[in-house]
$ cat run_9.cif   # mmCIF, C-alpha atoms
data_final
loop_
_atom_site.label_atom_id
_atom_site.label_comp_id
_atom_site.auth_asym_id
_atom_site.auth_seq_id
_atom_site.Cartn_x
_atom_site.Cartn_y
_atom_site.Cartn_z
CA MET A 1 144.55 -39.82 -40.15
CA ALA A 2 147.57 -40.59 -37.97
CA GLU A 3 149.59 -41.76 -40.96
CA ALA A 4 148.62 -38.89 -43.27
CA LEU A 5 151.40 -37.27 -45.29
CA TRP A 6 151.51 -33.48 -45.55
CA ARG A 7 153.50 -32.02 -48.44
CA PRO A 8 153.38 -29.22 -51.04
CA LEU A 9 151.41 -29.80 -54.22
CA ALA A 10 153.20 -30.63 -57.46
CA LEU A 11 152.09 -30.32 -61.08
CA THR A 12 152.25 -34.11 -61.34
CA ASP A 13 149.46 -34.28 -58.74
CA ALA A 14 147.00 -32.72 -61.21
CA PRO A 15 145.10 -35.89 -62.22
CA LEU A 16 144.51 -36.92 -58.60
CA VAL A 17 143.59 -33.37 -57.54
CA ALA A 18 141.09 -33.22 -60.42
CA ALA A 19 139.55 -36.46 -59.15
CA LEU A 20 139.34 -35.01 -55.63
CA LEU A 21 137.56 -31.91 -56.96
CA ALA A 22 135.06 -34.09 -58.81
CA VAL A 23 134.23 -35.90 -55.56
CA CYS A 24 133.87 -32.57 -53.74
CA GLU A 25 131.57 -31.19 -56.45
CA ALA A 26 129.38 -34.31 -56.26
CA ALA A 27 129.08 -33.91 -52.50
CA ASP A 28 128.64 -30.13 -52.32
CA GLY A 29 126.55 -29.53 -55.42
CA ILE A 30 128.31 -26.28 -56.25
CA GLY A 31 127.13 -26.39 -59.83
CA VAL A 32 130.38 -25.81 -61.69
CA ALA A 33 132.00 -27.78 -64.47
CA VAL A 34 135.02 -29.41 -62.86
CA GLN A 35 138.25 -29.03 -64.79
CA GLY A 36 140.30 -32.06 -65.64
CA ALA A 37 144.00 -32.53 -65.04
CA ASP A 38 144.97 -29.93 -67.65
CA GLY A 39 142.80 -27.33 -65.94
CA VAL A 40 144.31 -28.08 -62.55
CA ARG A 41 147.82 -27.75 -63.98
CA GLN A 42 146.78 -24.42 -65.49
CA GLU A 43 145.61 -23.11 -62.12
CA LEU A 44 148.63 -24.42 -60.22
CA SER A 45 150.86 -22.58 -62.70
CA ALA A 46 149.02 -19.28 -62.23
CA PRO A 47 150.80 -16.06 -61.21
CA GLY A 48 150.82 -15.73 -57.44
CA ILE A 49 150.94 -19.49 -56.79
CA ASP A 50 154.16 -20.84 -55.25
CA LEU A 51 153.92 -24.63 -55.17
CA ASN A 52 156.74 -25.17 -52.69
CA GLY A 53 156.12 -22.22 -50.39
CA GLY A 54 152.42 -21.54 -50.82
CA THR A 55 150.59 -24.87 -51.11
CA THR A 56 150.06 -27.94 -49.00
CA SER A 57 148.22 -31.22 -49.44
CA VAL A 58 147.23 -34.15 -47.24
CA TRP A 59 147.63 -37.70 -48.54
CA SER A 60 146.15 -40.92 -47.23
CA GLY A 61 146.72 -44.28 -48.88
CA GLY A 62 148.29 -42.64 -51.91
CA GLU A 63 145.25 -40.44 -52.56
CA PRO A 64 144.78 -36.73 -51.79
CA ALA A 65 142.46 -36.16 -48.85
CA ALA A 66 142.75 -32.36 -48.95
CA TYR A 67 144.75 -29.45 -50.22
CA ALA A 68 145.17 -25.74 -49.52
CA THR A 69 146.71 -22.92 -51.52
CA THR A 70 147.64 -19.30 -50.95
CA ARG A 71 147.73 -16.85 -53.85
CA ILE A 72 149.38 -13.45 -53.65
CA ARG A 73 148.72 -10.53 -55.94
CA GLU A 74 151.23 -9.09 -58.36
CA HIS A 75 150.18 -5.66 -57.05
CA ALA A 76 149.27 -5.29 -53.40
CA GLY A 77 147.17 -2.14 -53.70
CA THR A 78 146.28 -0.21 -50.54
CA VAL A 79 145.37 -3.51 -48.85
CA HIS A 80 146.87 -6.81 -49.96
CA GLN A 81 143.97 -9.22 -50.43
CA LEU A 82 145.64 -12.63 -50.33
CA THR A 83 143.39 -15.42 -51.62
CA LEU A 84 143.08 -18.81 -49.93
CA ASP A 85 141.59 -22.02 -51.28
CA ILE A 86 140.76 -25.21 -49.39
CA ALA A 87 139.29 -28.48 -50.64
CA VAL A 88 138.70 -31.54 -48.43
CA HIS A 89 137.38 -34.96 -49.39
CA PRO A 90 133.97 -35.49 -47.72
CA ALA A 91 135.31 -38.50 -45.81
CA HIS A 92 137.98 -36.34 -44.16
CA ARG A 93 136.01 -33.20 -43.22
CA THR A 94 136.59 -33.40 -39.51
CA PRO A 95 136.79 -30.14 -37.54
CA PRO A 96 140.45 -30.74 -36.59
CA MET A 97 141.41 -31.34 -40.23
CA VAL A 98 139.62 -28.26 -41.54
CA ARG A 99 140.97 -26.06 -38.77
CA ARG A 100 144.53 -27.33 -39.26
CA LEU A 101 144.32 -26.49 -42.98
CA LEU A 102 142.98 -23.05 -42.16
CA ASP A 103 145.78 -22.45 -39.64
CA TRP A 104 148.31 -23.53 -42.26
CA CYS A 105 146.80 -21.04 -44.75
CA HIS A 106 147.02 -18.30 -42.14
CA ASP A 107 150.67 -18.93 -41.36
CA ALA A 108 151.73 -19.42 -44.98
CA GLY A 109 149.78 -16.38 -46.11
CA VAL A 110 151.29 -14.14 -43.44
CA ARG A 111 154.79 -15.38 -44.26
CA ARG A 112 154.38 -14.79 -48.00
CA HIS A 113 152.90 -11.36 -47.38
CA ARG A 114 155.84 -10.33 -45.16
CA GLU A 115 158.33 -11.39 -47.78
CA LEU A 116 156.78 -9.31 -50.57
CA TYR A 117 154.70 -6.43 -49.23
CA ASP A 118 156.45 -4.97 -46.21
CA GLY A 119 154.31 -2.27 -44.59
CA THR A 120 151.09 -2.97 -46.54
CA PRO A 121 147.95 -4.01 -44.61
CA LEU A 122 146.89 -7.61 -45.17
CA GLU A 123 143.53 -9.34 -45.54
CA LEU A 124 143.03 -13.07 -46.05
CA HIS A 125 140.16 -13.83 -48.45
CA ILE A 126 138.39 -17.10 -49.15
CA ARG A 127 135.06 -17.92 -50.79
CA THR A 128 132.49 -20.55 -49.91
CA HIS A 129 129.45 -21.87 -51.71
CA HIS A 130 126.09 -22.25 -49.97
CA GLY A 131 126.68 -26.02 -49.85
CA GLN A 132 129.96 -25.67 -47.95
CA ALA A 133 128.70 -25.09 -44.42
CA TRP A 134 131.49 -27.36 -43.16
CA LEU A 135 134.02 -24.71 -44.23
CA ALA A 136 131.97 -21.55 -43.61
CA GLU A 137 131.31 -22.48 -39.97
CA THR A 138 135.01 -23.06 -39.33
CA LEU A 139 135.80 -19.69 -40.90
CA ASP A 140 133.25 -18.07 -38.58
CA THR A 141 134.86 -19.57 -35.50
CA ALA A 142 138.31 -18.50 -36.75
CA GLY A 143 137.21 -14.86 -36.86
CA TYR A 144 136.59 -14.42 -40.58
CA GLN A 145 133.86 -11.94 -41.50
CA ARG A 146 131.22 -12.68 -44.13
CA GLU A 147 132.06 -9.66 -46.24
CA ARG A 148 130.39 -10.04 -49.62
CA GLY A 149 127.83 -12.18 -51.41
CA TYR A 150 127.62 -13.34 -55.03
CA TRP A 151 124.85 -14.88 -57.11
CA GLY A 152 125.37 -17.58 -59.68
CA MET A 153 122.80 -17.19 -62.47
CA ARG A 154 122.05 -19.12 -65.65
CA LEU A 155 119.81 -19.14 -68.70
CA ASP A 156 118.56 -22.15 -70.66
CA LEU A 157 119.18 -20.96 -74.21
CA ASP A 158 117.20 -23.85 -75.73
CA ASN A 159 114.01 -23.05 -73.85
CA HIS A 160 113.99 -19.28 -73.63
CA ARG A 161 113.03 -16.66 -76.15
CA LEU A 162 115.85 -14.16 -76.09
CA VAL A 163 115.06 -10.51 -75.47
CA GLY A 164 115.61 -8.43 -78.57
CA ALA A 165 118.82 -6.45 -78.76
CA PRO A 166 118.48 -2.67 -78.56
CA ALA A 167 119.59 -0.50 -81.44
CA MET A 168 123.33 0.09 -81.53
CA PRO A 169 124.37 3.60 -80.58
CA THR A 170 125.31 5.64 -83.64
CA GLY A 171 128.97 5.35 -84.51
CA THR A 172 129.57 2.00 -82.77
CA GLU A 173 130.02 -1.61 -83.82
CA ILE A 174 130.17 -5.01 -82.08
CA VAL A 175 133.05 -7.28 -83.07
CA PRO A 176 134.33 -10.62 -81.77
CA PHE A 177 137.55 -10.59 -79.77
CA ASP A 178 140.77 -10.54 -81.74
CA ASP A 179 144.34 -10.63 -80.43
CA ALA A 180 144.91 -7.26 -82.08
CA PHE A 181 142.72 -5.73 -79.35
CA ASP A 182 144.39 -7.53 -76.45
CA ALA A 183 146.62 -4.75 -75.10
CA LYS A 184 143.92 -2.12 -75.55
CA LEU A 185 141.38 -4.38 -73.83
CA LEU A 186 143.64 -4.90 -70.80
CA ALA A 187 144.07 -1.13 -70.49
CA ALA A 188 140.28 -0.70 -70.69
CA ARG A 189 139.73 -3.39 -68.06
CA ASN A 190 142.14 -1.74 -65.64
CA ALA A 191 140.48 1.65 -66.12
CA ILE A 192 136.96 0.27 -65.70
CA PHE A 193 137.77 -1.66 -62.53
CA ALA A 194 140.00 1.01 -60.97
CA ASP A 195 137.44 1.97 -58.33
CA ASN A 196 135.87 -1.46 -57.77
CA TRP A 197 136.05 -3.11 -54.35
CA GLY A 198 139.35 -4.93 -53.97
CA SER A 199 140.53 -4.22 -57.49
CA VAL A 200 144.15 -3.63 -58.50
CA PRO A 201 145.65 -3.26 -61.98
CA MET A 202 146.02 -6.58 -63.74
CA THR A 203 149.39 -7.32 -65.28
CA VAL A 204 149.88 -8.66 -68.80
CA ARG A 205 151.08 -11.95 -67.32
CA THR A 206 147.96 -12.46 -65.19
CA TRP A 207 145.62 -11.21 -67.92
CA ARG A 208 147.01 -13.61 -70.48
CA HIS A 209 147.21 -16.57 -68.10
CA THR A 210 143.72 -16.25 -66.66
CA ILE A 211 141.81 -14.81 -69.60
CA THR A 212 142.84 -14.25 -73.21
CA ALA A 213 145.56 -16.94 -73.46
CA SER A 214 143.68 -19.44 -71.30
CA PRO A 215 142.75 -22.69 -73.09
CA TYR A 216 139.19 -22.13 -71.85
CA PHE A 217 138.78 -18.68 -73.40
CA ARG A 218 136.34 -18.55 -76.32
CA PRO A 219 137.27 -15.58 -78.54
CA LYS A 220 134.50 -16.27 -81.07
CA SER A 221 131.94 -16.06 -78.26
CA SER A 222 133.45 -12.91 -76.71
CA PHE A 223 132.52 -9.47 -77.99
CA LEU A 224 133.68 -5.87 -77.87
CA LEU A 225 131.65 -2.74 -78.53
CA LEU A 226 133.89 -0.27 -80.34
CA SER A 227 133.63 3.29 -81.50
CA GLU A 228 133.82 3.18 -85.30
CA ARG A 229 135.94 6.32 -85.54
CA ASP A 230 138.93 5.40 -83.35
CA GLN A 231 138.19 1.79 -82.36
CA GLU A 232 138.01 2.70 -78.65
CA ILE A 233 136.67 -0.14 -76.48
CA LEU A 234 133.44 1.11 -74.92
CA CYS A 235 132.14 -2.17 -73.49
CA TYR A 236 133.14 -5.83 -73.56
CA LEU A 237 132.01 -9.31 -72.52
CA LEU A 238 134.53 -12.17 -72.44
CA CYS A 239 133.48 -15.81 -72.18
CA THR A 240 135.00 -19.17 -71.32
CA GLU A 241 134.00 -22.81 -71.57
CA LEU A 242 135.32 -25.35 -69.08
CA ALA A 243 133.75 -28.64 -70.13
CA ASP A 244 134.34 -29.49 -73.79
CA THR A 245 131.21 -31.56 -74.46
CA CYS A 246 128.95 -32.07 -77.45
CA THR A 247 125.68 -31.69 -75.53
CA ASP A 248 124.48 -29.24 -72.88
CA ARG A 249 127.43 -26.96 -73.56
CA GLU A 250 127.84 -24.17 -70.99
CA LEU A 251 129.21 -20.75 -71.88
CA TYR A 252 130.53 -18.89 -68.84
CA LEU A 253 130.24 -15.10 -69.02
CA ALA A 254 133.48 -14.49 -67.21
CA ASN A 255 134.50 -10.86 -67.43
CA ALA A 256 132.57 -7.77 -68.51
CA GLY A 257 132.94 -4.04 -68.29
CA THR A 258 131.64 -0.73 -69.56
CA GLN A 259 133.50 2.58 -69.56
CA PRO A 260 132.27 4.39 -66.40
CA ALA A 261 131.25 7.53 -68.29
CA LEU A 262 128.91 5.41 -70.44
CA HIS A 263 127.06 3.56 -67.68
CA GLY A 264 123.29 3.55 -68.00
CA LYS A 265 123.23 4.08 -71.77
CA GLY A 266 122.33 0.51 -72.75
CA LEU A 267 125.74 -0.47 -74.11
CA TYR A 268 126.12 -3.52 -71.91
CA ARG A 269 122.61 -4.72 -72.73
CA ALA A 270 123.48 -4.51 -76.42
CA VAL A 271 126.65 -6.57 -76.00
CA PHE A 272 124.96 -8.98 -73.56
CA THR A 273 122.00 -9.79 -75.83
CA HIS A 274 124.30 -10.09 -78.86
CA THR A 275 126.50 -12.54 -76.95
CA LEU A 276 123.52 -14.69 -75.90
CA ALA A 277 122.20 -14.80 -79.47
CA ARG A 278 125.59 -15.86 -80.81
CA ALA A 279 126.00 -18.45 -78.04
CA LYS A 280 122.68 -20.04 -78.98
CA ALA A 281 123.64 -20.08 -82.65
CA GLN A 282 126.97 -21.68 -81.73
CA GLY A 283 125.22 -24.57 -80.00
CA TYR A 284 125.49 -23.63 -76.33
CA ARG A 285 122.69 -24.86 -74.05
CA TRP A 286 123.44 -22.70 -71.01
CA ALA A 287 124.70 -19.19 -70.38
CA VAL A 288 126.11 -18.84 -66.85
CA LEU A 289 127.52 -15.94 -64.86
CA ASP A 290 128.37 -14.91 -61.30
CA VAL A 291 127.79 -11.38 -60.07
CA ASP A 292 128.34 -9.39 -56.89
CA ALA A 293 124.93 -9.16 -55.23
CA THR A 294 125.56 -5.47 -54.46
CA ASN A 295 126.22 -4.65 -58.11
CA PRO A 296 123.54 -2.36 -59.57
CA MET A 297 122.97 -4.74 -62.49
CA ALA A 298 122.18 -7.57 -60.05
CA ALA A 299 120.31 -5.58 -57.38
CA GLY A 300 118.33 -3.77 -60.07
CA GLY A 301 117.04 -6.99 -61.60
CA PHE A 302 118.71 -6.64 -65.01
CA TYR A 303 119.68 -10.28 -65.27
CA GLU A 304 116.25 -11.53 -64.17
CA ARG A 305 114.68 -9.38 -66.88
CA MET A 306 117.04 -11.00 -69.36
CA GLY A 307 115.71 -14.41 -68.26
CA LEU A 308 118.51 -15.62 -65.98
CA ARG A 309 117.69 -17.31 -62.69
CA ARG A 310 119.77 -17.78 -59.55
CA PHE A 311 121.03 -21.29 -58.89
CA ARG A 312 123.97 -20.85 -56.50
CA THR A 313 125.38 -18.33 -54.06
CA TRP A 314 128.89 -17.55 -52.88
CA THR A 315 130.23 -15.69 -49.88
CA THR A 316 133.60 -13.96 -49.52
CA HIS A 317 135.02 -14.42 -46.01
CA VAL A 318 137.66 -11.93 -44.91
CA LEU A 319 140.12 -11.95 -42.03
CA PRO A 320 141.43 -8.38 -41.63
CA PHE A 321 144.61 -7.39 -39.81
CA THR A 322 144.42 -3.85 -38.41
CA SER A 323 146.54 -3.58 -35.21
CA PRO A 324 150.04 -4.80 -34.32
CA SER A 325 150.59 -8.44 -33.44
CA PRO A 326 153.75 -9.99 -32.00
CA GLU A 327 156.41 -11.07 -34.44
CA GLY A 328 155.88 -14.73 -35.19
CA GLY A 329 152.48 -14.80 -33.48
CA ARG A 330 149.25 -15.87 -35.14
CA GLY A 331 147.17 -12.77 -35.76
CA GLY A 332 143.44 -12.78 -35.40
CA PRO A 333 140.47 -10.55 -36.20
CA GLY A 334 141.46 -6.93 -36.02
CA GLU A 335 145.20 -7.64 -35.86
CA THR A 336 147.85 -6.40 -38.22
CA VAL A 337 150.75 -8.57 -39.23
CA ALA A 338 154.00 -7.00 -38.00
CA VAL A 339 155.48 -6.85 -41.47
CA ARG A 340 159.26 -7.01 -41.69
CA ALA A 341 161.57 -7.48 -44.66
CA GLY A 342 162.47 -11.11 -44.90
CA SER A 343 157.22 -15.80 -49.91
CA LEU A 344 141.69 -25.05 -57.54
CA THR A 345 135.96 -24.45 -59.43
CA GLY A 346 132.01 -21.73 -60.23
CA PRO A 347 132.20 -17.41 -58.95
CA ALA A 348 133.36 -18.70 -60.25
CA ALA A 349 135.98 -18.47 -59.19
CA ALA A 350 136.81 -16.10 -60.72
CA GLU A 351 138.54 -14.20 -60.31
CA ARG A 352 138.34 -14.66 -59.63
CA ARG A 353 141.34 -13.64 -59.90
CA GLU A 354 144.01 -9.44 -59.63
CA GLY A 355 140.93 -7.25 -59.51
CA VAL A 356 137.71 -9.08 -58.85
CA GLU A 357 139.07 -12.19 -60.51
CA ARG A 358 139.72 -14.85 -57.89
CA SER A 359 141.40 -18.22 -58.06
CA ARG A 360 140.18 -21.62 -57.06
CA VAL A 361 141.49 -24.78 -58.65
CA GLY A 362 138.73 -25.96 -60.98
CA ASP A 363 136.35 -23.14 -60.02
CA PRO A 364 135.89 -20.26 -62.47
CA ALA A 365 133.13 -18.75 -60.42
CA ALA A 366 135.47 -18.06 -57.60
CA ARG A 367 137.76 -15.91 -59.61
CA ARG A 368 135.56 -13.84 -61.92
CA ASP A 369 132.32 -11.93 -61.99
CA VAL A 370 130.63 -9.42 -64.26
CA SER A 371 130.55 -6.59 -61.73
CA GLY A 372 132.16 -4.10 -64.11
CA ALA A 373 129.18 -4.20 -66.47
CA ARG A 374 126.42 -1.61 -66.32
#

$ encode --input "run_9.cif" --output "structure tokens"
Amino acid sequence: MAEALWRPLALTDAPLVAALLAVCEAADGIGVAVQGADGVRQELSAPGIDLNGGTTSVWSGGEPAAYATTRIREHAGTVHQLTLDIAVHPAHRTPPMVRRLLDWCHDAGVRRHRELYDGTPLELHIRTHHGQAWLAETLDTAGYQRERGYWGMRLDLDNHRLVGAPAMPTGTEIVPFDDAFDAKLLAARNAIFADNWGSVPMTVRTWRHTITASPYFRPKSSFLLLSERDQEILCYLLCTELADTCTDRELYLANAGTQPALHGKGLYRAVFTHTLARAKAQGYRWAVLDVDATNPMAAGGFYERMGLRRFRTWTTHVLPFTSPSPEGGRGGPGETVAVRAGSLTGPAAAERREGVERSRVGDPAARRDVSGAR
């Protein structure tokens, strides 16, 4: 690719980037509904994305051969988990190309971190699917650690008898999402995820962009369990739909949570079974979710008992920085950036993401999971 052009992504690239992601999905078999141009534009406009300073793309013959993005958080937390995303056309997945993209992500991520979060430890995070050995192996050689695993699970609503919903706890009711609950729901989400791995408070801007104001959000298929007396949100399950098709519609169970004090009381099961029943009545063929494999709901077999089966896996790769590195030098495993004041598809991702929600252009599974539900 001697004549390849490297440049930042632009919103006008969305149709060609969407086509690239479709080719990647066909080759990798990730099992996610690929967003079209509108979805790519939505992701490239997300909080934390800086097109000029935080993205790059490689062009050959007028077509995108690859791209990479860096996404910062609006809150750093105790450790700033900066999310990377890389996509490469199968015809261009040479080791030098993949490594050069990864090196670019490293340098751009470090620079953006220095500009915004002076003095805060940094970690670079990126997810791979089990069909992306070409990327996972390069991450291994670059010093990234395989930190966390996720399961993608799905249920065929047409060919499965749904488990009966348990009786609702006295004094509660299940209602579909309404904008009137939006602010209260964000506050509940931040409280529920406060102690989750890698979670930071989600801002109104990120919440609205990635969830309740997203064109893929399905409010009539998303449900809240409320206390009847004061309308407190006890548990919730929010859903999205990427591909707008008439057949084999897929409802993605994107974000769920239960108030920590109420874990183990069957609230999530009530909301979960209600959501599946409504999804089937609304004409959905599949219910799909991604969950942290260490989550008690996953490890304990809850989803298998509900009829879901695993069909994909994801891995979070992390490059930590924990000791001083020279100014301007490329840090490696176990190195801390010397911070000084100075910048697109499945689990997801989803998240993917602030909190457990991660971002990948066209990949909901990489930015969200249902790890807050118990």

$ resolve_selection --input "run_9.cif" --expression "the PyMOL selection byres ((chain A and resi 318) around 8)" --output "list in words"
Glu123, Leu124, His125, Ile126, Tyr144, Gln145, Arg146, Glu147, Thr316, His317, Leu319 and Pro320 of chain A

$ atom_distance --input "run_9.cif" --atom1 "atom CA of Thr273 of chain A" --atom2 "atom CA of Pro260 of chain A"
19.9 Å

$ atom_distance --input "run_9.cif" --atom1 "atom CA of His130 of chain A" --atom2 "atom CA of Thr313 of chain A"
5.7 Å

$ closest_residue --input "run_9.cif" --among "A:Val110, A:Ala76, A:Ala66, A:Leu253" --to "Met97 of chain A" --atoms "all atoms listed in the file"
A:Ala66

$ resolve_selection --input "run_9.cif" --expression "the PyMOL selection byres ((chain A and resi 24) around 8)" --output "ChimeraX atom specification"
/A:20-23,25-28,87-90
